[in-house]
Amino acid sequence: MKLPLIEAGEIVTTHGVRGEVKVLTFLDDPQMLCEFDRCCIDHTEYTMESVRVQKTCNLVKLKGIDTMEQAQAMRGKVLKLYREDIDDDMIFAAELVGVEVYAGEEKIGAITEVLDYPGNSVYVVKGEYEYMIPAVKEFVLSTNLEENRMQVKLLEGMRTDED
């Protein structure tokens, strides 16, 4: 299911004296955040006047946050992006939880968790049995968030209780 807001990062500290905040990004690459010009923090929309990468984080200047004290009050808050501003082809892990998974015409369960590993993510699917399905094109044949459906190819060993 497509979510209206996607968590993009957490504000971890301030930067400088003019209200900039440092965001530890949840996105695959901090550079991705630079493509957006608005965000939502605590149900309030902010214009991002500037966004730049600093190592694995982003430095963000929010319109209306002009002092170190105002920026300090933002610490610990989650910066969210509006789904409508993001390319429809991009799918986020949070949107996959609850998606029904089918092998052929048989429903095998729903995604309960997305595990991140260095090589690729793995979808944990629970139904009558539990499956661990690598998030690669060889096994994930299609994903349709509008229909809340994923089509997969199963191999022996993906079911966690198989010997």
# chains A, B, ... in the order shown; residues from 1 in each chain; ligands from 1
>>> residues_around(residues="Val125 (chain A)", least_positions_apart="4", cutoff="9 Å", atoms="only C-alpha atoms", output="MDAnalysis selection string")
chainID A and resid 100:101 108:113 129:133
>>> write_last_selection(atoms="N, CA and C atoms", output="tab-separated table (two decimals), in the first residue's frame")
chain	number	residue	atom	x	y	z
A	100	GLU	N	0.18	-8.71	0.06
A	100	GLU	CA	-0.11	-10.13	-0.09
A	100	GLU	C	0.80	-10.72	-1.16
A	101	VAL	N	1.33	-11.92	-0.86
A	101	VAL	CA	2.32	-12.54	-1.74
A	101	VAL	C	1.72	-13.82	-2.33
A	108	ILE	N	0.48	-17.21	-0.51
A	108	ILE	CA	1.32	-17.87	0.50
A	108	ILE	C	1.41	-17.05	1.79
A	109	GLY	N	0.92	-15.83	1.78
A	109	GLY	CA	0.95	-15.01	2.99
A	109	GLY	C	1.11	-13.55	2.66
A	110	ALA	N	1.56	-12.79	3.66
A	110	ALA	CA	1.78	-11.36	3.50
A	110	ALA	C	3.15	-11.00	4.06
A	111	ILE	N	3.75	-9.96	3.52
A	111	ILE	CA	5.05	-9.51	4.00
A	111	ILE	C	4.88	-8.92	5.39
A	112	THR	N	5.67	-9.42	6.35
A	112	THR	CA	5.61	-8.91	7.72
A	112	THR	C	6.83	-8.08	8.07
A	113	GLU	N	7.91	-8.27	7.30
A	113	GLU	CA	9.16	-7.58	7.63
A	113	GLU	C	10.06	-7.56	6.40
A	129	TYR	N	2.75	-20.96	6.36
A	129	TYR	CA	4.17	-21.17	6.62
A	129	TYR	C	4.88	-19.83	6.56
A	130	GLU	N	6.13	-19.81	6.98
A	130	GLU	CA	6.94	-18.59	6.87
A	130	GLU	C	7.96	-18.80	5.76
A	131	TYR	N	8.14	-17.77	4.94
A	131	TYR	CA	9.09	-17.82	3.83
A	131	TYR	C	10.05	-16.65	3.96
A	132	MET	N	11.26	-16.85	3.46
A	132	MET	CA	12.23	-15.77	3.36
A	132	MET	C	12.62	-15.69	1.88
A	133	ILE	N	12.20	-14.60	1.25
A	133	ILE	CA	12.34	-14.46	-0.19
A	133	ILE	C	13.30	-13.31	-0.50
>>> select_by_dssp(residues="region 28-105 of chain A", states="strand (DSSP E or B)", output="MDAnalysis selection string")
chainID A and resid 38:41 44:54 57:62 78:82 100:103
>>> residues_around(residues="Lys22 (chain A)", least_positions_apart="3", cutoff="7 Å", atoms="only C-alpha atoms", output="CSV table (one decimal) with C-alpha atoms, in the first residue's frame")
chain,number,residue,atom,x,y,z
A,11,ILE,CA,17.2,15.2,12.6
A,12,VAL,CA,20.2,14.4,14.8
A,13,THR,CA,21.7,17.8,15.6
A,14,THR,CA,22.1,21.4,14.5
A,15,HIS,CA,24.7,22.8,12.1
A,57,CYS,CA,24.1,12.7,6.3
A,58,ASN,CA,22.4,15.7,4.9
A,59,LEU,CA,22.5,19.4,6.0
A,60,VAL,CA,19.1,20.9,5.5
>>> closest_residue(among="A:Val152, A:Ala71, A:Leu145, A:Val140", to="Asp89 (chain A)", atoms="only C-alpha atoms")
A:Leu145
>>> select_by_dssp(residues="chain A", states="alpha helix (DSSP H)", output="list in words")
Met68, Glu69, Gln70, Ala71, Gln72, Ala93, Ala94, Glu95 and Leu96 of chain A
>>> closest_residue(among="A:Met1, A:Met48, A:Ile6, A:Cys34", to="Val21 (chain A)", atoms="only C-alpha atoms")
A:Met48
>>> atom_distance(atom1="CA of Arg38 (chain A)", atom2="CA of Glu7 (chain A)")
13.0 Å
>>> atom_distance(atom1="CA of Lys107 (chain A)", atom2="CA of Gly119 (chain A)")
26.9 Å
>>> residues_around(residues="Pro4 (chain A)", least_positions_apart="2", cutoff="12 Å", atoms="only C-alpha atoms", output="NGL selection string")
:A and (1-2 or 6-7 or 39-40 or 43 or 80-86 or 92 or 94-95)
>>> write_last_selection(atoms="C-alpha atoms", output="compact mmCIF listing (two decimals), in the first residue's frame")
# COMPACT_ATOMS: atom_id res chain seq x y z
CA MET A 1 0.00 0.00 0.00
CA LYS A 2 1.36 3.40 -0.94
CA ILE A 6 7.74 8.29 3.63
CA GLU A 7 10.21 8.55 6.51
CA CYS A 39 9.05 17.82 3.68
CA CYS A 40 6.80 17.15 6.65
CA HIS A 43 2.40 17.19 10.70
CA LYS A 80 9.17 12.74 5.99
CA LEU A 81 8.73 13.16 2.25
CA TYR A 82 5.40 13.39 0.47
CA ARG A 83 4.79 10.22 -1.58
CA GLU A 84 3.25 12.31 -4.37
CA ASP A 85 6.68 13.98 -4.87
CA ILE A 86 8.42 10.61 -5.37
CA PHE A 92 9.95 1.70 -0.08
CA ALA A 94 7.59 0.44 4.68
CA GLU A 95 5.10 0.22 1.80
>>> decode(residues="region 40-140 of chain A", atoms="C-alpha atoms", output="mmCIF file, in the first residue's frame")
data_model
loop_
_atom_site.group_PDB
_atom_site.id
_atom_site.type_symbol
_atom_site.label_atom_id
_atom_site.label_comp_id
_atom_site.auth_asym_id
_atom_site.auth_seq_id
_atom_site.Cartn_x
_atom_site.Cartn_y
_atom_site.Cartn_z
ATOM 1 C CA CYS A 40 6.799 17.149 6.650
ATOM 2 C CA ILE A 41 7.910 17.203 10.283
ATOM 3 C CA ASP A 42 5.365 16.620 13.051
ATOM 4 C CA HIS A 43 2.405 17.186 10.696
ATOM 5 C CA THR A 44 3.813 20.532 9.527
ATOM 6 C CA GLU A 45 4.946 21.125 5.955
ATOM 7 C CA TYR A 46 8.318 22.844 5.499
ATOM 8 C CA THR A 47 10.054 24.162 2.410
ATOM 9 C CA MET A 48 13.626 22.914 2.240
ATOM 10 C CA GLU A 49 15.559 26.007 1.168
ATOM 11 C CA SER A 50 18.760 24.009 0.748
ATOM 12 C CA VAL A 51 19.825 20.396 1.061
ATOM 13 C CA ARG A 52 23.408 19.214 0.729
ATOM 14 C CA VAL A 53 25.288 16.015 1.480
ATOM 15 C CA GLN A 54 27.824 15.829 4.288
ATOM 16 C CA LYS A 55 29.362 12.333 4.399
ATOM 17 C CA THR A 56 26.467 9.953 5.178
ATOM 18 C CA CYS A 57 24.092 12.715 6.313
ATOM 19 C CA ASN A 58 22.355 15.749 4.864
ATOM 20 C CA LEU A 59 22.506 19.359 5.981
ATOM 21 C CA VAL A 60 19.062 20.877 5.540
ATOM 22 C CA LYS A 61 17.908 24.491 5.852
ATOM 23 C CA LEU A 62 14.177 24.629 6.538
ATOM 24 C CA LYS A 63 12.237 27.816 5.772
ATOM 25 C CA GLY A 64 11.186 29.446 9.051
ATOM 26 C CA ILE A 65 13.897 27.725 11.121
ATOM 27 C CA ASP A 66 16.459 30.524 11.327
ATOM 28 C CA THR A 67 18.234 30.172 14.662
ATOM 29 C CA MET A 68 20.263 27.521 16.415
ATOM 30 C CA GLU A 69 17.603 27.389 19.146
ATOM 31 C CA GLN A 70 14.802 26.706 16.644
ATOM 32 C CA ALA A 71 16.942 24.025 14.992
ATOM 33 C CA GLN A 72 17.758 22.475 18.390
ATOM 34 C CA ALA A 73 14.003 22.052 19.017
ATOM 35 C CA MET A 74 13.857 19.851 15.882
ATOM 36 C CA ARG A 75 16.366 17.293 17.243
ATOM 37 C CA GLY A 76 15.047 13.740 17.323
ATOM 38 C CA LYS A 77 12.186 14.473 14.920
ATOM 39 C CA VAL A 78 11.630 12.465 11.752
ATOM 40 C CA LEU A 79 11.731 14.221 8.399
ATOM 41 C CA LYS A 80 9.166 12.740 5.995
ATOM 42 C CA LEU A 81 8.726 13.157 2.251
ATOM 43 C CA TYR A 82 5.401 13.390 0.471
ATOM 44 C CA ARG A 83 4.792 10.216 -1.579
ATOM 45 C CA GLU A 84 3.252 12.307 -4.372
ATOM 46 C CA ASP A 85 6.678 13.979 -4.868
ATOM 47 C CA ILE A 86 8.417 10.608 -5.370
ATOM 48 C CA ASP A 87 8.651 8.635 -8.611
ATOM 49 C CA ASP A 88 5.901 5.984 -8.748
ATOM 50 C CA ASP A 89 8.426 3.307 -9.760
ATOM 51 C CA MET A 90 10.251 3.677 -6.443
ATOM 52 C CA ILE A 91 9.000 1.321 -3.735
ATOM 53 C CA PHE A 92 9.948 1.695 -0.081
ATOM 54 C CA ALA A 93 10.260 -1.123 2.466
ATOM 55 C CA ALA A 94 7.587 0.440 4.685
ATOM 56 C CA GLU A 95 5.105 0.224 1.802
ATOM 57 C CA LEU A 96 5.703 -3.506 1.385
ATOM 58 C CA VAL A 97 4.653 -4.548 4.889
ATOM 59 C CA GLY A 98 1.199 -6.085 4.542
ATOM 60 C CA VAL A 99 1.436 -6.757 0.795
ATOM 61 C CA GLU A 100 -0.106 -10.134 -0.087
ATOM 62 C CA VAL A 101 2.317 -12.544 -1.739
ATOM 63 C CA TYR A 102 1.364 -15.109 -4.381
ATOM 64 C CA ALA A 103 3.282 -18.029 -5.900
ATOM 65 C CA GLY A 104 1.348 -18.703 -9.080
ATOM 66 C CA GLU A 105 -2.327 -18.440 -8.114
ATOM 67 C CA GLU A 106 -1.714 -19.548 -4.501
ATOM 68 C CA LYS A 107 -1.584 -16.911 -1.780
ATOM 69 C CA ILE A 108 1.319 -17.868 0.500
ATOM 70 C CA GLY A 109 0.954 -15.010 2.990
ATOM 71 C CA ALA A 110 1.779 -11.356 3.499
ATOM 72 C CA ILE A 111 5.054 -9.508 4.000
ATOM 73 C CA THR A 112 5.607 -8.912 7.720
ATOM 74 C CA GLU A 113 9.159 -7.581 7.626
ATOM 75 C CA VAL A 114 11.874 -6.423 5.228
ATOM 76 C CA LEU A 115 15.379 -7.404 6.309
ATOM 77 C CA ASP A 116 18.319 -5.426 4.900
ATOM 78 C CA TYR A 117 21.477 -7.353 4.104
ATOM 79 C CA PRO A 118 24.594 -6.160 2.260
ATOM 80 C CA GLY A 119 23.775 -8.081 -0.943
ATOM 81 C CA ASN A 120 20.045 -7.444 -1.062
ATOM 82 C CA SER A 121 16.942 -7.211 1.084
ATOM 83 C CA VAL A 122 14.921 -10.254 2.118
ATOM 84 C CA TYR A 123 11.136 -10.289 2.484
ATOM 85 C CA VAL A 124 9.732 -12.251 5.428
ATOM 86 C CA VAL A 125 6.370 -13.643 4.324
ATOM 87 C CA LYS A 126 4.017 -15.221 6.848
ATOM 88 C CA GLY A 127 0.917 -17.252 6.106
ATOM 89 C CA GLU A 128 0.381 -20.942 6.826
ATOM 90 C CA TYR A 129 4.168 -21.172 6.623
ATOM 91 C CA GLU A 130 6.945 -18.594 6.869
ATOM 92 C CA TYR A 131 9.087 -17.819 3.830
ATOM 93 C CA MET A 132 12.235 -15.765 3.360
ATOM 94 C CA ILE A 133 12.344 -14.458 -0.191
ATOM 95 C CA PRO A 134 15.363 -12.533 -1.530
ATOM 96 C CA ALA A 135 14.327 -9.207 -3.054
ATOM 97 C CA VAL A 136 15.830 -9.872 -6.472
ATOM 98 C CA LYS A 137 14.213 -10.016 -9.934
ATOM 99 C CA GLU A 138 14.796 -13.759 -10.170
ATOM 100 C CA PHE A 139 12.303 -14.370 -7.332
ATOM 101 C CA VAL A 140 10.141 -11.227 -7.205
#
